[in-house]
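Shown next: upload-v6.txt, containing compact mmCIF, C-alpha atoms.
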```txt
# COMPACT_ATOMS: atom_id res chain seq x y z
CA MET A 1 7.39 21.77 -2.79
CA ILE A 2 4.64 20.07 -4.80
CA GLU A 3 5.66 19.12 -8.34
CA LEU A 4 2.89 18.61 -10.89
CA LYS A 5 3.82 15.95 -13.42
CA THR A 6 3.42 16.28 -17.18
CA PRO A 7 1.43 13.64 -19.10
CA ASP A 8 4.73 12.18 -20.34
CA GLU A 9 6.09 11.95 -16.79
CA ILE A 10 2.88 10.27 -15.63
CA GLN A 11 3.30 7.69 -18.39
CA ARG A 12 6.83 7.02 -17.16
CA MET A 13 5.44 6.48 -13.66
CA HIS A 14 2.86 4.16 -15.21
CA VAL A 15 5.67 1.98 -16.58
CA THR A 16 7.03 1.68 -13.04
CA GLY A 17 3.54 1.09 -11.68
CA ARG A 18 2.93 -1.85 -14.00
CA PHE A 19 6.10 -3.49 -12.73
CA VAL A 20 5.11 -2.87 -9.10
CA ALA A 21 1.75 -4.48 -9.85
CA GLU A 22 3.49 -7.48 -11.43
CA VAL A 23 5.68 -8.02 -8.39
CA LEU A 24 2.77 -7.80 -5.96
CA THR A 25 0.76 -10.21 -8.09
CA GLU A 26 3.58 -12.78 -8.00
CA VAL A 27 4.17 -12.31 -4.27
CA GLY A 28 0.45 -12.82 -3.64
CA GLU A 29 0.45 -16.00 -5.73
CA MET A 30 3.48 -17.35 -3.86
CA ALA A 31 2.09 -16.60 -0.39
CA ASP A 32 0.97 -20.01 0.87
CA VAL A 33 1.14 -22.19 3.95
CA GLY A 34 4.76 -23.23 4.54
CA VAL A 35 6.35 -20.36 2.57
CA ASN A 36 8.98 -18.34 4.42
CA LEU A 37 8.87 -14.53 4.29
CA MET A 38 12.51 -14.50 3.20
CA ASP A 39 11.56 -16.56 0.13
CA LEU A 40 9.21 -13.72 -0.86
CA GLU A 41 11.94 -11.14 -0.20
CA ARG A 42 14.40 -13.08 -2.38
CA HIS A 43 11.83 -13.38 -5.16
CA ALA A 44 11.20 -9.63 -5.14
CA ARG A 45 14.94 -8.96 -5.21
CA GLY A 46 15.33 -11.20 -8.25
CA MET A 47 12.53 -9.43 -10.11
CA ILE A 48 14.09 -6.03 -9.36
CA GLU A 49 17.48 -7.18 -10.60
CA ARG A 50 16.10 -8.69 -13.81
CA ARG A 51 14.08 -5.55 -14.58
CA GLY A 52 16.93 -3.16 -13.80
CA ALA A 53 14.76 -1.31 -11.29
CA GLU A 54 15.92 0.46 -8.13
CA SER A 55 14.39 -0.38 -4.75
CA CYS A 56 12.94 2.57 -2.87
CA TYR A 57 13.28 0.67 0.41
CA TRP A 58 16.91 -0.42 0.36
CA ASP A 59 18.85 2.01 2.58
CA TYR A 60 15.63 3.92 3.36
CA ALA A 61 16.29 5.73 6.65
CA PRO A 62 13.44 8.03 7.77
CA SER A 63 13.35 9.62 11.20
CA PHE A 64 10.87 7.08 12.59
CA GLY A 65 12.77 3.96 11.49
CA LYS A 66 15.71 2.09 12.94
CA GLY A 67 17.52 2.38 9.66
CA PRO A 68 18.74 1.84 7.18
CA PHE A 69 16.12 -0.61 5.85
CA ARG A 70 18.00 -3.45 4.18
CA ASN A 71 15.23 -5.22 2.30
CA VAL A 72 13.29 -4.51 -0.90
CA ILE A 73 9.74 -5.32 0.22
CA CYS A 74 7.76 -4.78 3.42
CA LEU A 75 6.06 -7.96 4.67
CA ALA A 76 3.73 -7.71 7.66
CA VAL A 77 1.72 -10.55 9.22
CA ASN A 78 -1.59 -10.48 11.14
CA ASP A 79 -1.47 -7.62 13.68
CA ALA A 80 1.51 -6.08 11.84
CA VAL A 81 0.44 -3.68 9.10
CA LEU A 82 3.16 -1.21 8.05
CA HIS A 83 6.91 -1.36 7.34
CA GLY A 84 7.05 -5.08 8.11
CA LEU A 85 10.69 -6.13 8.17
CA PRO A 86 11.11 -9.47 6.35
CA HIS A 87 12.44 -12.14 8.70
CA ASP A 88 12.56 -15.89 9.22
CA TYR A 89 8.86 -16.64 9.55
CA THR A 90 6.93 -19.45 7.88
CA LEU A 91 3.39 -18.58 6.84
CA ARG A 92 0.58 -20.50 8.55
CA ASP A 93 -2.97 -21.32 7.59
CA GLY A 94 -5.17 -18.25 8.12
CA ASP A 95 -2.35 -15.69 8.28
CA LEU A 96 -3.01 -12.20 6.97
CA LEU A 97 -0.02 -11.06 4.90
CA THR A 98 0.48 -7.45 3.81
CA ALA A 99 3.07 -6.83 1.09
CA ASP A 100 4.12 -3.24 0.38
CA PHE A 101 6.48 -2.58 -2.54
CA ALA A 102 8.00 0.50 -4.17
CA VAL A 103 10.68 0.94 -6.84
CA LYS A 104 11.98 3.48 -9.32
CA ILE A 105 12.53 2.81 -13.02
CA ASP A 106 14.40 5.41 -15.05
CA GLY A 107 14.06 7.85 -12.17
CA TRP A 108 10.29 7.53 -11.56
CA ALA A 109 8.70 5.84 -8.55
CA ALA A 110 5.52 3.89 -7.89
CA ASP A 111 4.26 2.38 -4.64
CA SER A 112 1.52 -0.15 -3.89
CA ALA A 113 0.40 -2.57 -1.18
CA ARG A 114 -2.05 -5.43 -0.80
CA THR A 115 -3.19 -7.78 1.93
CA VAL A 116 -3.83 -11.44 1.12
CA ILE A 117 -5.14 -14.26 3.29
CA VAL A 118 -3.02 -17.40 3.39
CA GLY A 119 -4.99 -20.64 3.17
CA THR A 120 -8.29 -20.66 5.07
CA ALA A 121 -9.97 -17.26 5.23
CA ALA A 122 -11.89 -16.20 8.34
CA GLU A 123 -14.92 -14.01 7.66
CA GLU A 124 -13.63 -11.19 9.89
CA ASP A 125 -10.37 -11.17 7.95
CA LEU A 126 -12.21 -11.07 4.63
CA ARG A 127 -14.25 -8.17 5.97
CA ILE A 128 -11.30 -5.99 6.97
CA VAL A 129 -9.46 -6.65 3.70
CA ARG A 130 -12.60 -5.76 1.76
CA ALA A 131 -12.96 -2.58 3.82
CA THR A 132 -9.47 -1.32 2.95
CA GLU A 133 -10.03 -2.09 -0.73
CA GLU A 134 -13.40 -0.34 -0.67
CA ALA A 135 -11.81 2.66 1.07
CA LEU A 136 -9.05 2.77 -1.54
CA GLU A 137 -11.56 2.78 -4.39
CA ALA A 138 -13.51 5.55 -2.66
CA ALA A 139 -10.30 7.56 -2.28
CA ILE A 140 -9.44 7.05 -5.96
CA GLU A 141 -12.92 8.19 -6.99
CA ALA A 142 -12.42 11.39 -4.95
CA ALA A 143 -9.03 12.11 -6.58
CA ARG A 144 -10.43 14.41 -9.26
CA PRO A 145 -9.49 17.91 -10.41
CA GLY A 146 -11.38 20.55 -8.47
CA ASN A 147 -11.86 18.38 -5.39
CA ARG A 148 -9.87 18.98 -2.23
CA LEU A 149 -7.34 16.79 -0.44
CA GLY A 150 -9.81 16.51 2.42
CA ASP A 151 -12.30 14.86 0.06
CA ILE A 152 -9.91 11.93 -0.33
CA SER A 153 -9.35 11.65 3.42
CA ALA A 154 -13.07 11.96 4.14
CA ALA A 155 -13.88 9.21 1.62
CA ILE A 156 -11.51 6.81 3.36
CA GLY A 157 -12.76 7.76 6.82
CA ALA A 158 -16.39 7.27 5.77
CA VAL A 159 -15.74 3.67 4.71
CA ALA A 160 -13.91 2.97 7.96
CA ARG A 161 -16.80 4.44 9.93
CA ASP A 162 -19.35 2.39 7.99
CA HIS A 163 -17.45 -0.79 8.88
CA GLY A 164 -16.82 0.24 12.47
CA TYR A 165 -13.03 0.44 12.19
CA PRO A 166 -11.04 3.16 14.01
CA VAL A 167 -8.56 5.19 11.94
CA ASN A 168 -4.95 6.08 12.71
CA THR A 169 -3.77 9.35 11.12
CA GLU A 170 -0.04 9.12 11.95
CA PHE A 171 0.69 7.14 8.80
CA GLY A 172 -1.25 7.55 5.57
CA GLY A 173 -0.86 8.43 1.93
CA HIS A 174 1.74 10.74 0.42
CA GLY A 175 2.98 12.46 -2.67
CA ILE A 176 5.15 10.39 -5.00
CA GLY A 177 7.09 10.92 -8.21
CA ARG A 178 10.85 11.35 -8.47
CA THR A 179 11.10 9.87 -4.98
CA MET A 180 8.88 7.52 -2.98
CA HIS A 181 7.82 10.22 -0.53
CA GLU A 182 7.13 13.72 -1.79
CA GLU A 183 5.17 16.63 -0.36
CA LEU A 184 1.63 16.09 0.88
CA HIS A 185 0.54 13.80 3.67
CA VAL A 186 -2.85 12.24 2.95
CA PRO A 187 -4.50 11.27 6.26
CA ASN A 188 -6.94 8.39 6.24
CA LYS A 189 -9.53 10.57 7.93
CA GLY A 190 -10.49 14.20 7.31
CA LYS A 191 -13.13 16.74 6.37
CA ALA A 192 -14.50 17.07 2.86
CA GLY A 193 -13.96 20.41 1.15
CA ARG A 194 -10.80 21.17 3.14
CA GLY A 195 -7.16 21.30 2.13
CA LEU A 196 -5.26 21.64 -1.12
CA LYS A 197 -7.26 21.90 -4.34
CA LEU A 198 -6.48 18.90 -6.54
CA GLN A 199 -4.98 19.64 -9.95
CA PRO A 200 -4.04 17.56 -12.98
CA GLY A 201 -0.47 16.36 -12.66
CA LEU A 202 -0.67 15.64 -8.93
CA THR A 203 0.52 12.10 -8.16
CA LEU A 204 -0.34 10.46 -4.86
CA ALA A 205 0.12 7.12 -3.12
CA LEU A 206 -3.23 6.51 -1.41
CA GLU A 207 -3.12 3.88 1.31
CA PRO A 208 -5.98 3.16 3.71
CA TRP A 209 -5.06 0.73 6.45
CA PHE A 210 -7.20 -0.37 9.38
CA ALA A 211 -6.91 -2.43 12.54
CA ARG A 212 -10.03 -4.11 13.84
CA THR A 213 -10.33 -2.50 17.24
CA THR A 214 -7.74 0.25 17.77
CA ASP A 215 -6.23 3.33 16.16
CA ARG A 216 -3.06 3.08 18.25
CA ILE A 217 0.18 1.52 17.04
CA VAL A 218 3.37 0.08 18.52
CA PHE A 219 6.78 -0.64 17.00
CA ASP A 220 8.57 -3.98 17.16
CA ASP A 221 12.07 -4.14 18.59
CA ASP A 222 13.37 -4.25 15.01
CA GLY A 223 12.51 -0.52 14.89
CA TRP A 224 10.44 -0.87 11.73
CA THR A 225 7.47 -3.21 11.96
CA ILE A 226 4.32 -1.38 13.08
CA ARG A 227 1.54 -3.33 14.80
CA SER A 228 -1.87 -2.60 16.22
CA ALA A 229 -1.41 -1.69 19.89
CA ASP A 230 -3.99 -4.25 21.07
CA GLY A 231 -2.91 -7.12 18.83
CA SER A 232 -6.01 -6.95 16.62
CA ARG A 233 -5.65 -7.98 13.00
CA THR A 234 -4.98 -5.46 10.26
CA ALA A 235 -5.17 -4.89 6.51
CA HIS A 236 -3.67 -2.37 4.08
CA SER A 237 -4.41 -1.45 0.45
CA GLU A 238 -2.44 1.08 -1.59
CA HIS A 239 -2.19 2.39 -5.15
CA THR A 240 -0.23 5.12 -6.86
CA VAL A 241 -2.74 7.44 -8.54
CA ALA A 242 -2.30 10.32 -10.99
CA ILE A 243 -4.89 13.08 -11.16
CA THR A 244 -5.55 13.89 -14.82
CA VAL A 245 -7.96 16.13 -16.70
CA ASP A 246 -10.02 13.00 -17.35
CA GLY A 247 -10.06 11.95 -13.70
CA PRO A 248 -7.95 9.56 -11.60
CA LEU A 249 -5.54 7.19 -13.33
CA VAL A 250 -4.39 4.22 -11.22
CA LEU A 251 -0.76 3.54 -12.12
CA THR A 252 -0.35 0.32 -10.10
CA ARG A 253 -3.58 -1.55 -10.91
CA ARG A 254 -3.05 -5.34 -11.03
CA GLU A 255 -4.40 -7.11 -14.12
CA GLN A 256 -6.75 -9.46 -12.25
CA GLU A 257 -7.80 -6.92 -9.66
CA ASN A 258 -11.45 -6.01 -9.32
CA PRO A 259 -11.43 -2.18 -9.52
CA ALA A 260 -14.71 -1.86 -7.63
CA VAL A 261 -14.56 -4.13 -4.60
CA ARG A 262 -17.45 -3.53 -2.25
CA ALA A 263 -18.16 -5.09 1.12
CA GLY A 264 -20.76 -7.82 0.85
CA SER A 265 -20.13 -8.29 -2.89
CA GLY A 266 -19.06 -11.91 -2.51
CA ARG A 267 -16.14 -13.93 -1.24
CA LEU A 268 -12.82 -12.16 -1.61
CA SER A 269 -10.14 -14.14 -3.43
CA THR A 270 -7.16 -14.95 -1.25
CA LYS A 271 -4.87 -14.74 -4.29
CA ASP A 272 -6.19 -11.82 -6.34
CA SER A 273 -7.57 -9.61 -3.61
```
Can you dump the structure from the file as structure tokens?
Amino acid sequence: MIELKTPDEIQRMHVTGRFVAEVLTEVGEMADVGVNLMDLERHARGMIERRGAESCYWDYAPSFGKGPFRNVICLAVNDAVLHGLPHDYTLRDGDLLTADFAVKIDGWAADSARTVIVGTAAEEDLRIVRATEEALEAAIEAARPGNRLGDISAAIGAVARDHGYPVNTEFGGHGIGRTMHEELHVPNKGKAGRGLKLQPGLTLALEPWFARTTDRIVFDDDGWTIRSADGSRTAHSEHTVAITVDGPLVLTRREQENPAVRAGSGRLSTKDS
């Protein structure tokens, strides 16, 4: 069942979204050569506790996972891209780190993800991070009343195609609101003009993610961490977005984030990507 949110409920989600953005900003600033993933996990836990928020990941046990998940943030490195299980790993120069974070505050959820480059940035890594951010902005632009769900998927797929990246459709965006995952799967590839008509009050987590040279995935033995099947590097960008009468409202926008990243627009910051 799809639940359309009232303007007041969207504002409550926006409160949660601002906190999610704050956590991802701090995690991105902390991510540096020599930092252990578990330090980032502990920092996120502390922020949740101080804010009185509720992790959407702790005890999360979907059918595809080896649950329950007993961490509060997903941290994936290099060829890992989704559901990265935090573990004893020390970040190295040139690592790609994806942090994915979702919580509820006062019963309303928000979800966001970002990929940062630790230390020295390789041009190919900058390119794939830029591509996911560009695809996310294209998806947000398509999230307008009167458009169709397929318009969002097609916008993401078009950016991937322009950059030459294959697209996996097993995992993509989703509805969000009272829980982290609500009705509607939003594939990262699709046909414009198809699917559900978008209405004000619809809230979605849009999350393009790409691997350089494959659309196939494999799971680690931990049962959670998803990697590119060929070991190629990956990137992932996600925002929670509300469709309003005035257009899309991004509920998880980070303060220093460029809302219109475009490939070729200059060097991507490794801290405020």
Protein and nucleic acid residues near (3.4, 22.6, -11.2) (cut-off 9 Å, all atoms listed in the file) as JSON, numbers by chain: {"A": [2, 3, 4, 5, 6, 199, 201, 202]}
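Distances to Leu82 of chain A were evaluated for A:Asp39, A:Asp100, A:Asp221, A:Glu26 using all atoms listed in the file, and the minimum falls at A:Asp100.
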Restricting the calculation to only C-alpha atoms: of A:Thr115, A:Ser63, A:Gln11, A:Thr252, which residue gets closest to Asp79 of chain A? A:Thr115
Please identify all polymer residues within 8 Å of Ala205 of chain A, counting only C-alpha atoms, omitting same-chain residues fewer than 3 positions from it, and present them as a list of chain:residue names. A:Ala110, A:Asp111, A:Ser112, A:Gly173, A:His174, A:Gly175, A:Ile176, A:Glu238, A:His239, A:Thr240, A:Val241
Could the residues of segment 160-206 of chain A that have an atom at most 7 Å from segment 143-148 of chain A be listed as a tab-separated table, each with its closest atom pair and the distance in Å to one decimal, counting all atoms listed in the file and ordered by chain and ascending residue number?
```
residue	atom	partner	partner_atom	distance
A:Gly193	CA	A:Arg148	CA	5.5
A:Arg194	CA	A:Arg148	CA	5.9
A:Gly195	CA	A:Arg148	CA	5.6
A:Leu196	CA	A:Arg148	CA	5.4
A:Lys197	CA	A:Arg148	CA	4.4
A:Leu198	CA	A:Pro145	CA	5.0
A:Gln199	CA	A:Pro145	CA	4.9
A:Pro200	CA	A:Pro145	CA	6.0
```
Which residue is closest to Arg254 of chain A? Choose from A:Ile105, A:Pro7, A:Ala113, A:Lys66 and count only C-alpha atoms. A:Ala113
Counting all atoms listed in the file, which residue out of A:Gly94, A:Gly177, A:Gly190, A:Gly247 sits closest to Ile117 of chain A?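 Closest to Ile117 of chain A, using all atoms listed in the file: A:Gly94.
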Given only C-alpha atoms as the basis, pick out the residue of A:Trp224, A:Phe19, A:Phe219, A:Tyr165 nearest to Thr132 of chain A.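 Using only C-alpha atoms, Thr132 of chain A sits closest to A:Tyr165.
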Give as a VMD selection string the set of residues within 12 Å of the point (12.3, 13.3, -3.3), where distances use the file's coordinates and only C-alpha atoms. chain A and resid 1 to 3 56 60 104 107 to 109 174 to 184
